[in-house]
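**Q** My structure is below; once you've seen it, I'll send some questions.
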There are 2 protein chains.
Amino acid sequence: MDFAAVLARIREASPRHRLDIGDPDLPPPPELLEALRKAKDFRYGPAEGLPEFREAVASIFRVEPGEVVAVAGGRHGLAALMWAFRRRRLLTPTPYYPGYFDIAEAFGLRLELVETDERWIPSFSGRGVYVVNYPNNPTGVVLPREKVRELVDVAEFVISDEIYRDVAFEHFASPMELSSSVAVVYSFSKVFSVPGLRIGAVIAPRDVAREVANFNKATINVPPTPAQRAVASVLDILPRRRAELSEVYRRRVELAAEALRLKFVKPGGAFYLFPQVGDAVGCFEKALAAGVSPLPGTLYGRSDHVRLALVEDEKKLAEAFGLLNAACGVETGP
Amino acid sequence: MDFAAVLARIREASPRHRLDIGDPDLPPPPELLEALRKAKDFRYGPAEGLPEFREAVASIFRVEPGEVVAVAGGRHGLAALMWAFRRRRLLTPTPYYPGYFDIAEAFGLRLELVETDERWIPSFSGRGVYVVNYPNNPTGVVLPREKVRELVDVAEFVISDEIYRDVAFEHFASPMELSSSVAVVYSFSKVFSVPGLRIGAVIAPRDVAREVANFNKATINVPPTPAQRAVASVLDILPRRRAELSEVYRRRVELAAEALRLKFVKPGGAFYLFPQVGDAVGCFEKALAAGVSPLPGTLYGRSDHVRLALVEDEKKLAEAFGLLNAACGVETGP
């Protein structure tokens, strides 16, 4: 089953608990909605993004505005960077985010897999350009700092997909802190619960930033300007929002650790669990029949795991975990 | 001078009359602004677009919803289609819209030029995939129906960029009316004066539509969903808006025919003039010094023309034309 087939199956089953897509359940911040409602200027802007947007994002990442390019969401930044490094050896750890393969397939790129241990920690050894995603989708793990050091020592360049960086329960170290051969892909989809807006940014050395701006020009001309303006005008709320989100999802993870009788590596961030279930598709079908929709791990390169997006409140999640225990859980004696 | 250098030069000169970028000067329709203000749903949607958007656009173009794919503006649809036909021979008439070459360059595609006569009408003879744009940017011309017939008879496939189809002073025939081997690229940027929103559509045979949806998935995941919803909810205003726009720009073209002492082919649509001036860059510099910014025709493949975007009201345009006559016009005796 590919992603479309899985989604069609879920829509057909119409389960009570939708734990499949990573569509954040927390409402967008009222400040952002207010800024969007006030939008008056719908004109074109520069391919690299509006100056106020680049300045606002630069101040968050403590870089120069020339190192920031607006993009139409995280996927767009990833496509721009994978295309920019298309002549290099591209590698990514497994389990992987399937979007990387959507890009690779559409553009005829090869993407090699890097194995991970039982804690989902990869061994970085081959030279090449790494596409990494921490806090990770689908596992939620965060790399310890010494692993990030190993990564930047080995990599020719790192494309660091950090769209979950704002949801962290332990210290998150970006490869950008340890090396200048790094491009960060950032998005406002998850932190502000607005994936439909399509607004994100790439933070990269100037020569790479210029290639991302050229990709903008060739693919969408200009990232959405009202969204850039609205986001730039409310970026001062980001630290508070980060703290709120991290606390909400930390509690949901704690609940899972107590209530879910499936084996999983405890996440350090993001809002996913990747428990082991024996047979991914079997668990998917049994869970669906019980009213819960996980995603089969086959979509992420693992046939014996499922992914759960923790996008319901604790009361509903407690119920969903109970149903999952019955559908996919290991027998625990009396 | 490339496009960025030209724009930098214009910003530096800061002329009173900005006739360079095709940023429509008419305000967006209040119905659309109201619909955008009411946006409440910022979630993901399907890569091919929301069902209500596809249905609304399909009813306008009298096709099936399965033949419509939402895209993030006209450029995005063009990129998707040029990429889909990358292994074919790609051709486009000259003068050309430079965006096609931005796409070709970024993706390593070759785009051959097709010569046109003194009325800007091309001779279509070679087999291949044609990228055409009528009503035309930069000339404003519309092809007579027999020429459209010649085009579809010769072409393996036609990528028909129709982002100016709503601004027409004479009958506009889309290649889609004469052949099924056609994909139309449509955008709401010009008709609704919202180029910063990035919302458009591709109307194409189902197999081509699927390739556009795959390109969406690989480049932006999902076209902006609040913009899709807002546009779909107000599409009943399109016929009125079309009539209004066409009348406004028709009057501006009539004014130019009376007041501008430069030789140009009278447009059948869009909102550009492409007058002959001898030396494009010389006229550009003299016009800038006089307070008007045309774009040098060199950007469009013609070194003896300039492009004027008629994006000021008639009073201002009359003044701008007077300044242009003095800066770039031929001497007319007493």
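Identifiers in the structure tokens: chain A, B, ... in order shown; residue index from 1 per chain; ligand index from 1 in order shown.
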Any idea what's packed within 8 Å of A:Leu197, counting only C-alpha atoms, ignoring anything in its chain fewer than 6 positions away? Could you give it as a VMD selection string?

**A** (chain A and resid 73 189 227) or (chain B and resid 42 224 to 226)

**Q** Can those selected residues be exported to a file as a short mmCIF file (atom, residue, chain, number, x, y, z; two decimals), in the first residue's frame so that it contains all heavy atoms?

**A**
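Heads up, here's the output in selection_21.cif:
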data_model
loop_
_atom_site.label_atom_id
_atom_site.label_comp_id
_atom_site.auth_asym_id
_atom_site.auth_seq_id
_atom_site.Cartn_x
_atom_site.Cartn_y
_atom_site.Cartn_z
N GLY A 73 6.82 26.48 2.30
CA GLY A 73 6.72 25.31 3.18
C GLY A 73 7.99 24.47 3.17
O GLY A 73 8.87 24.64 2.33
N SER A 189 4.54 25.56 9.51
CA SER A 189 3.37 24.67 9.47
C SER A 189 3.08 24.04 10.82
O SER A 189 1.93 24.01 11.26
CB SER A 189 3.62 23.54 8.46
OG SER A 189 3.75 24.07 7.17
N ALA A 227 1.40 35.71 3.65
CA ALA A 227 1.82 34.79 4.71
C ALA A 227 3.18 35.21 5.27
O ALA A 227 3.41 35.17 6.48
CB ALA A 227 1.88 33.36 4.18
N PHE B 42 -6.73 25.90 8.18
CA PHE B 42 -5.37 26.04 7.67
C PHE B 42 -4.67 24.69 7.59
O PHE B 42 -3.45 24.61 7.64
CB PHE B 42 -4.58 27.00 8.57
CG PHE B 42 -5.11 28.41 8.53
CD1 PHE B 42 -6.07 28.82 9.44
CD2 PHE B 42 -4.67 29.31 7.57
CE1 PHE B 42 -6.58 30.11 9.40
CE2 PHE B 42 -5.17 30.59 7.52
CZ PHE B 42 -6.14 31.00 8.43
N PRO B 224 -1.52 26.20 -1.49
CA PRO B 224 -2.12 26.89 -0.33
C PRO B 224 -3.63 26.62 -0.21
O PRO B 224 -4.39 26.93 -1.13
CB PRO B 224 -1.84 28.36 -0.59
CG PRO B 224 -0.64 28.37 -1.49
CD PRO B 224 -0.71 27.11 -2.30
N THR B 225 -4.06 26.04 0.90
CA THR B 225 -5.47 25.64 1.02
C THR B 225 -6.43 26.79 1.33
O THR B 225 -7.53 26.82 0.77
CB THR B 225 -5.65 24.49 2.04
OG1 THR B 225 -5.05 24.87 3.28
CG2 THR B 225 -5.00 23.21 1.54
N PRO B 226 -6.07 27.76 2.20
CA PRO B 226 -7.04 28.86 2.43
C PRO B 226 -7.29 29.64 1.14
O PRO B 226 -8.43 30.05 0.87
CB PRO B 226 -6.36 29.74 3.48
CG PRO B 226 -5.28 28.90 4.08
CD PRO B 226 -4.88 27.90 3.05
#

**Q** With a cut-off of 6 Å and counting only C-alpha atoms, select all residues of chain B in contact with chain A and give the selection as an MDAnalysis selection string.

**A** chainID B and resid 37 42:44 75:76 79 102:103 194:198 218:220 224:225

**Q** Which residues in stretch 75-312 of chain B does DSSP call strand (DSSP E or B)? List them as a ChimeraX atom specification.

**A** /B:90-93,111-114,116,122,129-133,157-161,168,182-187,200-203,263,269,272-273,276,292-293,295-296,305-309

**Q** If we count only C-alpha atoms, what is near A:Val129 at a cut-off of 12 Å, once residues fewer than 2 positions away on the same chain are taken out, given as a VMD selection string?

**A** chain A and resid 81 to 93 110 to 114 124 to 127 131 to 132 151 to 160 181 to 183

**Q** Could you pull the residues within 8 Å of stretch 170-180 of chain B, counting only C-alpha atoms, minus those fewer than 3 positions along the same chain, as a ChimeraX atom specification?

**A** /B:135,142-145,148-149,151-152,158,160,165,183-184,205,268-269

**Q** Pull N, CA, C and O atoms from the residues just selected and write them as a JSON list (two decimals), in the first residue's frame.

**A**
[["chain", "number", "residue", "atom", "x", "y", "z"],
["B", 135, "PRO", "N", -3.65, 35.70, -24.47],
["B", 135, "PRO", "CA", -3.08, 36.98, -24.86],
["B", 135, "PRO", "C", -1.64, 37.09, -24.36],
["B", 135, "PRO", "O", -1.34, 36.70, -23.24],
["B", 142, "VAL", "N", -3.19, 38.39, -29.70],
["B", 142, "VAL", "CA", -4.01, 37.19, -29.58],
["B", 142, "VAL", "C", -3.93, 36.49, -30.95],
["B", 142, "VAL", "O", -3.94, 37.16, -31.98],
["B", 143, "LEU", "N", -3.81, 35.18, -30.97],
["B", 143, "LEU", "CA", -3.73, 34.47, -32.26],
["B", 143, "LEU", "C", -5.10, 34.37, -32.91],
["B", 143, "LEU", "O", -6.08, 34.06, -32.24],
["B", 144, "PRO", "N", -5.17, 34.61, -34.25],
["B", 144, "PRO", "CA", -6.42, 34.30, -34.94],
["B", 144, "PRO", "C", -6.67, 32.79, -34.91],
["B", 144, "PRO", "O", -5.73, 32.01, -34.81],
["B", 145, "ARG", "N", -7.95, 32.43, -35.00],
["B", 145, "ARG", "CA", -8.33, 31.03, -34.84],
["B", 145, "ARG", "C", -7.60, 30.10, -35.82],
["B", 145, "ARG", "O", -7.22, 28.98, -35.44],
["B", 148, "VAL", "N", -4.33, 29.18, -34.40],
["B", 148, "VAL", "CA", -4.45, 28.21, -33.31],
["B", 148, "VAL", "C", -4.61, 26.82, -33.91],
["B", 148, "VAL", "O", -4.03, 25.84, -33.43],
["B", 149, "ARG", "N", -5.36, 26.74, -35.01],
["B", 149, "ARG", "CA", -5.54, 25.48, -35.73],
["B", 149, "ARG", "C", -4.19, 24.97, -36.24],
["B", 149, "ARG", "O", -3.83, 23.80, -36.06],
["B", 151, "LEU", "N", -1.30, 25.63, -35.03],
["B", 151, "LEU", "CA", -0.52, 25.22, -33.85],
["B", 151, "LEU", "C", -0.89, 23.80, -33.42],
["B", 151, "LEU", "O", -0.01, 22.95, -33.27],
["B", 152, "VAL", "N", -2.17, 23.55, -33.20],
["B", 152, "VAL", "CA", -2.54, 22.22, -32.68],
["B", 152, "VAL", "C", -2.31, 21.12, -33.73],
["B", 152, "VAL", "O", -2.08, 19.97, -33.38],
["B", 158, "VAL", "N", 0.52, 20.99, -26.51],
["B", 158, "VAL", "CA", 0.61, 22.43, -26.30],
["B", 158, "VAL", "C", 0.47, 22.75, -24.82],
["B", 158, "VAL", "O", -0.49, 22.30, -24.17],
["B", 160, "SER", "N", -0.40, 25.75, -22.85],
["B", 160, "SER", "CA", -1.00, 27.03, -23.17],
["B", 160, "SER", "C", -1.12, 27.90, -21.93],
["B", 160, "SER", "O", -1.98, 27.68, -21.08],
["B", 165, "ARG", "N", -6.05, 35.36, -20.09],
["B", 165, "ARG", "CA", -7.24, 35.06, -20.88],
["B", 165, "ARG", "C", -8.46, 35.91, -20.49],
["B", 165, "ARG", "O", -9.38, 36.08, -21.27],
["B", 183, "ALA", "N", -2.53, 21.42, -22.37],
["B", 183, "ALA", "CA", -2.67, 21.74, -20.95],
["B", 183, "ALA", "C", -2.74, 23.25, -20.82],
["B", 183, "ALA", "O", -1.88, 23.96, -21.37],
["B", 184, "VAL", "N", -3.76, 23.75, -20.14],
["B", 184, "VAL", "CA", -3.89, 25.19, -19.90],
["B", 184, "VAL", "C", -3.32, 25.52, -18.53],
["B", 184, "VAL", "O", -3.61, 24.84, -17.55],
["B", 205, "PRO", "N", -5.40, 16.86, -19.73],
["B", 205, "PRO", "CA", -5.85, 15.47, -19.75],
["B", 205, "PRO", "C", -5.41, 14.77, -18.47],
["B", 205, "PRO", "O", -4.37, 15.13, -17.88],
["B", 268, "GLY", "N", -4.61, 42.64, -28.54],
["B", 268, "GLY", "CA", -5.95, 42.08, -28.50],
["B", 268, "GLY", "C", -6.33, 41.64, -27.10],
["B", 268, "GLY", "O", -7.44, 41.17, -26.86],
["B", 269, "GLY", "N", -5.37, 41.79, -26.14],
["B", 269, "GLY", "CA", -5.65, 41.41, -24.76],
["B", 269, "GLY", "C", -4.45, 41.68, -23.87],
["B", 269, "GLY", "O", -3.50, 42.34, -24.30]]

**Q** Atom CA of A:Asn136 to atom CA of A:Pro275: how many Å, to one decimal?

**A** 13.8 Å

**Q** Restricting the calculation to only C-alpha atoms: of A:Gly301, A:Leu310, A:Leu288, A:Lys147, which residue gets closest to A:Leu7?

**A** A:Leu288

**Q** Smallest atom-to-atom distance to A:Glu162: which of A:Pro239, A:Gly200, A:Gly322, A:Gly128, using only C-alpha atoms?

**A**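 Ranking A:Pro239, A:Gly200, A:Gly322, A:Gly128 by distance to A:Glu162, first place goes to A:Gly200.
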
**Q** What lies within 12 Å of A:Arg62 using only C-alpha atoms, ignoring chain neighbours under 5 positions off, as a PDB file with C-alpha atoms, in the first residue's frame?

**A**
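selection_0.pdb, freshly written:
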ATOM      1  CA  ARG A  54      14.201  37.480   6.054  1.00  0.00           C
ATOM      2  CA  GLU A  55      15.176  39.836   8.873  1.00  0.00           C
ATOM      3  CA  ALA A  56      12.690  38.333  11.327  1.00  0.00           C
ATOM      4  CA  VAL A  57      13.794  34.755  10.604  1.00  0.00           C
ATOM      5  CA  GLU A  67      21.456  33.662   4.686  1.00  0.00           C
ATOM      6  CA  VAL A  68      17.634  33.341   4.815  1.00  0.00           C
ATOM      7  CA  MET A 176      24.224  24.427  12.166  1.00  0.00           C
ATOM      8  CA  GLU A 177      25.711  25.013  15.616  1.00  0.00           C
ATOM      9  CA  ILE A 203      18.776  29.111   6.412  1.00  0.00           C
ATOM     10  CA  ALA A 204      21.986  28.434   4.508  1.00  0.00           C
TER      11      ALA A 204
END

**Q** Using the chain letters and numbers from this document, which residues of stretch 245-308 of chain A does DSSP assign to helix (DSSP H, G or I), as a compact mmCIF listing (two decimals) with all heavy atoms, in the first residue's frame?

**A**
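Output (result19.txt):
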# COMPACT_ATOMS: atom_id res chain seq x y z
N LEU A 245 3.84 24.36 23.15
CA LEU A 245 3.76 23.14 22.33
C LEU A 245 4.55 22.01 22.96
O LEU A 245 4.09 20.88 23.04
CB LEU A 245 4.35 23.40 20.94
CG LEU A 245 3.49 24.08 19.91
CD1 LEU A 245 4.18 23.99 18.55
CD2 LEU A 245 2.11 23.46 19.84
N SER A 246 5.77 22.32 23.37
CA SER A 246 6.65 21.28 23.91
C SER A 246 6.02 20.67 25.16
O SER A 246 6.07 19.45 25.37
CB SER A 246 8.04 21.85 24.22
OG SER A 246 8.64 22.28 23.01
N GLU A 247 5.38 21.51 25.98
CA GLU A 247 4.74 21.02 27.20
C GLU A 247 3.54 20.13 26.87
O GLU A 247 3.37 19.04 27.44
CB GLU A 247 4.32 22.20 28.08
CG GLU A 247 3.62 21.83 29.38
CD GLU A 247 4.43 20.90 30.28
OE1 GLU A 247 5.65 20.75 30.06
OE2 GLU A 247 3.82 20.28 31.17
N VAL A 248 2.71 20.56 25.93
CA VAL A 248 1.53 19.77 25.52
C VAL A 248 1.96 18.39 25.02
O VAL A 248 1.41 17.36 25.44
CB VAL A 248 0.73 20.51 24.43
CG1 VAL A 248 -0.26 19.57 23.74
CG2 VAL A 248 0.00 21.71 25.03
N TYR A 249 2.94 18.36 24.12
CA TYR A 249 3.31 17.08 23.52
C TYR A 249 4.13 16.23 24.49
O TYR A 249 4.06 15.00 24.46
CB TYR A 249 4.03 17.29 22.18
CG TYR A 249 3.10 17.81 21.10
CD1 TYR A 249 3.24 19.09 20.56
CD2 TYR A 249 2.04 17.03 20.64
CE1 TYR A 249 2.37 19.56 19.59
CE2 TYR A 249 1.16 17.50 19.68
CZ TYR A 249 1.33 18.76 19.15
OH TYR A 249 0.45 19.22 18.20
N ARG A 250 4.89 16.88 25.39
CA ARG A 250 5.63 16.12 26.40
C ARG A 250 4.65 15.34 27.28
O ARG A 250 4.85 14.16 27.57
CB ARG A 250 6.46 17.06 27.27
CG ARG A 250 7.48 16.37 28.19
CD ARG A 250 8.06 17.32 29.22
NE ARG A 250 7.03 17.90 30.08
CZ ARG A 250 6.38 17.26 31.04
NH1 ARG A 250 6.67 16.00 31.30
NH2 ARG A 250 5.45 17.86 31.76
N ARG A 251 3.54 15.97 27.64
CA ARG A 251 2.53 15.31 28.47
C ARG A 251 1.88 14.14 27.72
O ARG A 251 1.61 13.09 28.30
CB ARG A 251 1.46 16.31 28.91
CG ARG A 251 1.97 17.30 29.97
CD ARG A 251 0.95 18.41 30.18
NE ARG A 251 -0.35 17.86 30.53
CZ ARG A 251 -0.92 17.99 31.73
NH1 ARG A 251 -0.29 18.66 32.68
NH2 ARG A 251 -2.11 17.48 31.97
N ARG A 252 1.67 14.34 26.42
CA ARG A 252 1.07 13.25 25.63
C ARG A 252 2.02 12.06 25.52
O ARG A 252 1.59 10.91 25.56
CB ARG A 252 0.67 13.76 24.24
CG ARG A 252 -0.46 14.79 24.30
CD ARG A 252 -0.86 15.29 22.92
NE ARG A 252 -1.85 16.36 23.04
CZ ARG A 252 -2.37 17.03 22.01
NH1 ARG A 252 -1.98 16.75 20.77
NH2 ARG A 252 -3.26 17.99 22.21
N VAL A 253 3.32 12.37 25.40
CA VAL A 253 4.31 11.30 25.35
C VAL A 253 4.36 10.57 26.69
O VAL A 253 4.44 9.33 26.74
CB VAL A 253 5.70 11.86 24.95
CG1 VAL A 253 6.80 10.83 25.22
CG2 VAL A 253 5.71 12.28 23.49
N GLU A 254 4.29 11.32 27.78
CA GLU A 254 4.29 10.71 29.12
C GLU A 254 3.08 9.79 29.28
O GLU A 254 3.17 8.68 29.82
CB GLU A 254 4.26 11.78 30.23
CG GLU A 254 5.54 12.61 30.35
CD GLU A 254 6.77 11.75 30.60
OE1 GLU A 254 6.65 10.64 31.16
OE2 GLU A 254 7.88 12.19 30.21
N LEU A 255 1.94 10.26 28.79
CA LEU A 255 0.72 9.45 28.83
C LEU A 255 0.93 8.14 28.07
O LEU A 255 0.56 7.06 28.55
CB LEU A 255 -0.45 10.24 28.23
CG LEU A 255 -1.76 9.47 28.06
CD1 LEU A 255 -2.38 9.15 29.41
CD2 LEU A 255 -2.76 10.27 27.21
N ALA A 256 1.54 8.24 26.90
CA ALA A 256 1.80 7.05 26.09
C ALA A 256 2.72 6.08 26.83
O ALA A 256 2.51 4.86 26.82
CB ALA A 256 2.40 7.43 24.74
N ALA A 257 3.74 6.64 27.48
CA ALA A 257 4.69 5.80 28.21
C ALA A 257 3.98 5.01 29.30
O ALA A 257 4.34 3.87 29.60
CB ALA A 257 5.81 6.66 28.80
N GLU A 258 2.92 5.61 29.89
CA GLU A 258 2.16 4.93 30.94
C GLU A 258 1.11 3.98 30.37
O GLU A 258 0.92 2.88 30.86
CB GLU A 258 1.41 5.96 31.81
CG GLU A 258 2.29 6.65 32.83
CD GLU A 258 1.59 7.89 33.37
OE1 GLU A 258 0.35 7.90 33.47
OE2 GLU A 258 2.31 8.88 33.67
N ALA A 259 0.40 4.44 29.33
CA ALA A 259 -0.83 3.76 28.93
C ALA A 259 -0.68 2.85 27.71
O ALA A 259 -1.51 1.97 27.50
CB ALA A 259 -1.93 4.79 28.66
N ALA A 280 3.19 -4.53 10.50
CA ALA A 280 2.69 -3.16 10.37
C ALA A 280 1.31 -3.11 9.73
O ALA A 280 0.39 -2.47 10.26
CB ALA A 280 3.67 -2.32 9.55
N VAL A 281 1.15 -3.81 8.62
CA VAL A 281 -0.12 -3.72 7.90
C VAL A 281 -1.23 -4.44 8.67
O VAL A 281 -2.37 -3.98 8.73
CB VAL A 281 0.03 -4.26 6.45
CG1 VAL A 281 -1.32 -4.27 5.73
CG2 VAL A 281 1.03 -3.41 5.68
N GLY A 282 -0.86 -5.57 9.33
CA GLY A 282 -1.82 -6.29 10.16
C GLY A 282 -2.34 -5.40 11.29
O GLY A 282 -3.55 -5.30 11.52
N CYS A 283 -1.42 -4.73 12.00
CA CYS A 283 -1.81 -3.83 13.08
C CYS A 283 -2.65 -2.69 12.54
O CYS A 283 -3.67 -2.31 13.13
CB CYS A 283 -0.56 -3.30 13.80
SG CYS A 283 -0.86 -1.83 14.82
N PHE A 284 -2.23 -2.13 11.41
CA PHE A 284 -2.98 -1.03 10.78
C PHE A 284 -4.44 -1.43 10.56
O PHE A 284 -5.37 -0.72 10.95
CB PHE A 284 -2.31 -0.65 9.45
CG PHE A 284 -3.09 0.28 8.57
CD1 PHE A 284 -3.32 1.61 8.94
CD2 PHE A 284 -3.62 -0.15 7.35
CE1 PHE A 284 -4.04 2.47 8.12
CE2 PHE A 284 -4.34 0.70 6.52
CZ PHE A 284 -4.56 2.02 6.92
N GLU A 285 -4.64 -2.62 10.00
CA GLU A 285 -6.01 -3.07 9.70
C GLU A 285 -6.80 -3.35 10.98
O GLU A 285 -7.97 -2.97 11.09
CB GLU A 285 -5.98 -4.32 8.80
CG GLU A 285 -5.55 -4.05 7.35
CD GLU A 285 -6.56 -3.21 6.56
OE1 GLU A 285 -7.69 -2.99 7.04
OE2 GLU A 285 -6.21 -2.77 5.46
N LYS A 286 -6.15 -3.99 11.95
CA LYS A 286 -6.86 -4.29 13.20
C LYS A 286 -7.20 -3.01 13.97
O LYS A 286 -8.29 -2.87 14.53
CB LYS A 286 -6.04 -5.25 14.08
CG LYS A 286 -6.14 -6.71 13.61
CD LYS A 286 -5.43 -7.66 14.56
CE LYS A 286 -3.93 -7.63 14.30
NZ LYS A 286 -3.15 -8.55 15.15
N ALA A 287 -6.25 -2.05 13.94
CA ALA A 287 -6.49 -0.78 14.64
C ALA A 287 -7.64 -0.04 13.96
O ALA A 287 -8.52 0.52 14.63
CB ALA A 287 -5.21 0.07 14.65
N LEU A 288 -7.62 -0.02 12.64
CA LEU A 288 -8.70 0.64 11.89
C LEU A 288 -10.05 0.05 12.27
O LEU A 288 -11.02 0.79 12.52
CB LEU A 288 -8.50 0.45 10.37
CG LEU A 288 -7.82 1.55 9.57
CD1 LEU A 288 -8.04 1.31 8.09
CD2 LEU A 288 -8.32 2.93 9.96
N ALA A 289 -10.10 -1.27 12.34
CA ALA A 289 -11.36 -1.95 12.70
C ALA A 289 -11.80 -1.55 14.10
O ALA A 289 -13.00 -1.48 14.39
CB ALA A 289 -11.18 -3.46 12.59
N ALA A 290 -10.81 -1.22 14.96
CA ALA A 290 -11.13 -0.83 16.34
C ALA A 290 -11.40 0.67 16.47
O ALA A 290 -11.76 1.15 17.55
CB ALA A 290 -9.98 -1.24 17.27
N GLY A 297 4.24 1.31 9.24
CA GLY A 297 5.65 1.67 9.17
C GLY A 297 6.28 1.40 7.82
O GLY A 297 7.35 1.94 7.50
N THR A 298 5.62 0.58 7.00
CA THR A 298 6.11 0.31 5.64
C THR A 298 6.32 1.61 4.86
O THR A 298 7.22 1.71 4.04
CB THR A 298 5.09 -0.57 4.88
OG1 THR A 298 3.77 -0.13 5.20
CG2 THR A 298 5.22 -2.02 5.30
N LEU A 299 5.49 2.62 5.15
CA LEU A 299 5.63 3.91 4.46
C LEU A 299 6.94 4.59 4.84
O LEU A 299 7.41 5.48 4.14
CB LEU A 299 4.47 4.85 4.80
CG LEU A 299 3.06 4.38 4.40
CD1 LEU A 299 2.01 5.34 4.93
CD2 LEU A 299 2.96 4.28 2.87
N TYR A 300 7.52 4.19 5.98
CA TYR A 300 8.74 4.82 6.50
C TYR A 300 9.94 3.87 6.42
O TYR A 300 10.98 4.14 7.00
CB TYR A 300 8.52 5.27 7.95
CG TYR A 300 7.34 6.20 8.06
CD1 TYR A 300 6.05 5.72 8.25
CD2 TYR A 300 7.52 7.58 7.91
CE1 TYR A 300 4.97 6.57 8.30
CE2 TYR A 300 6.44 8.44 7.96
CZ TYR A 300 5.17 7.93 8.15
OH TYR A 300 4.10 8.78 8.18

**Q** Please report the interatomic distance between atom CA of A:Pro98 and atom CA of A:Phe169 in Å with one decimal.

**A**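 A separation of 24.3 Å between them.
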
**Q** Quick one: pull the distance between atom CA of B:Gln276 and atom CA of B:Arg261, Å, one decimal.

**A**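 About the pair atom CA of B:Gln276 and atom CA of B:Arg261: they are 10.3 Å apart.
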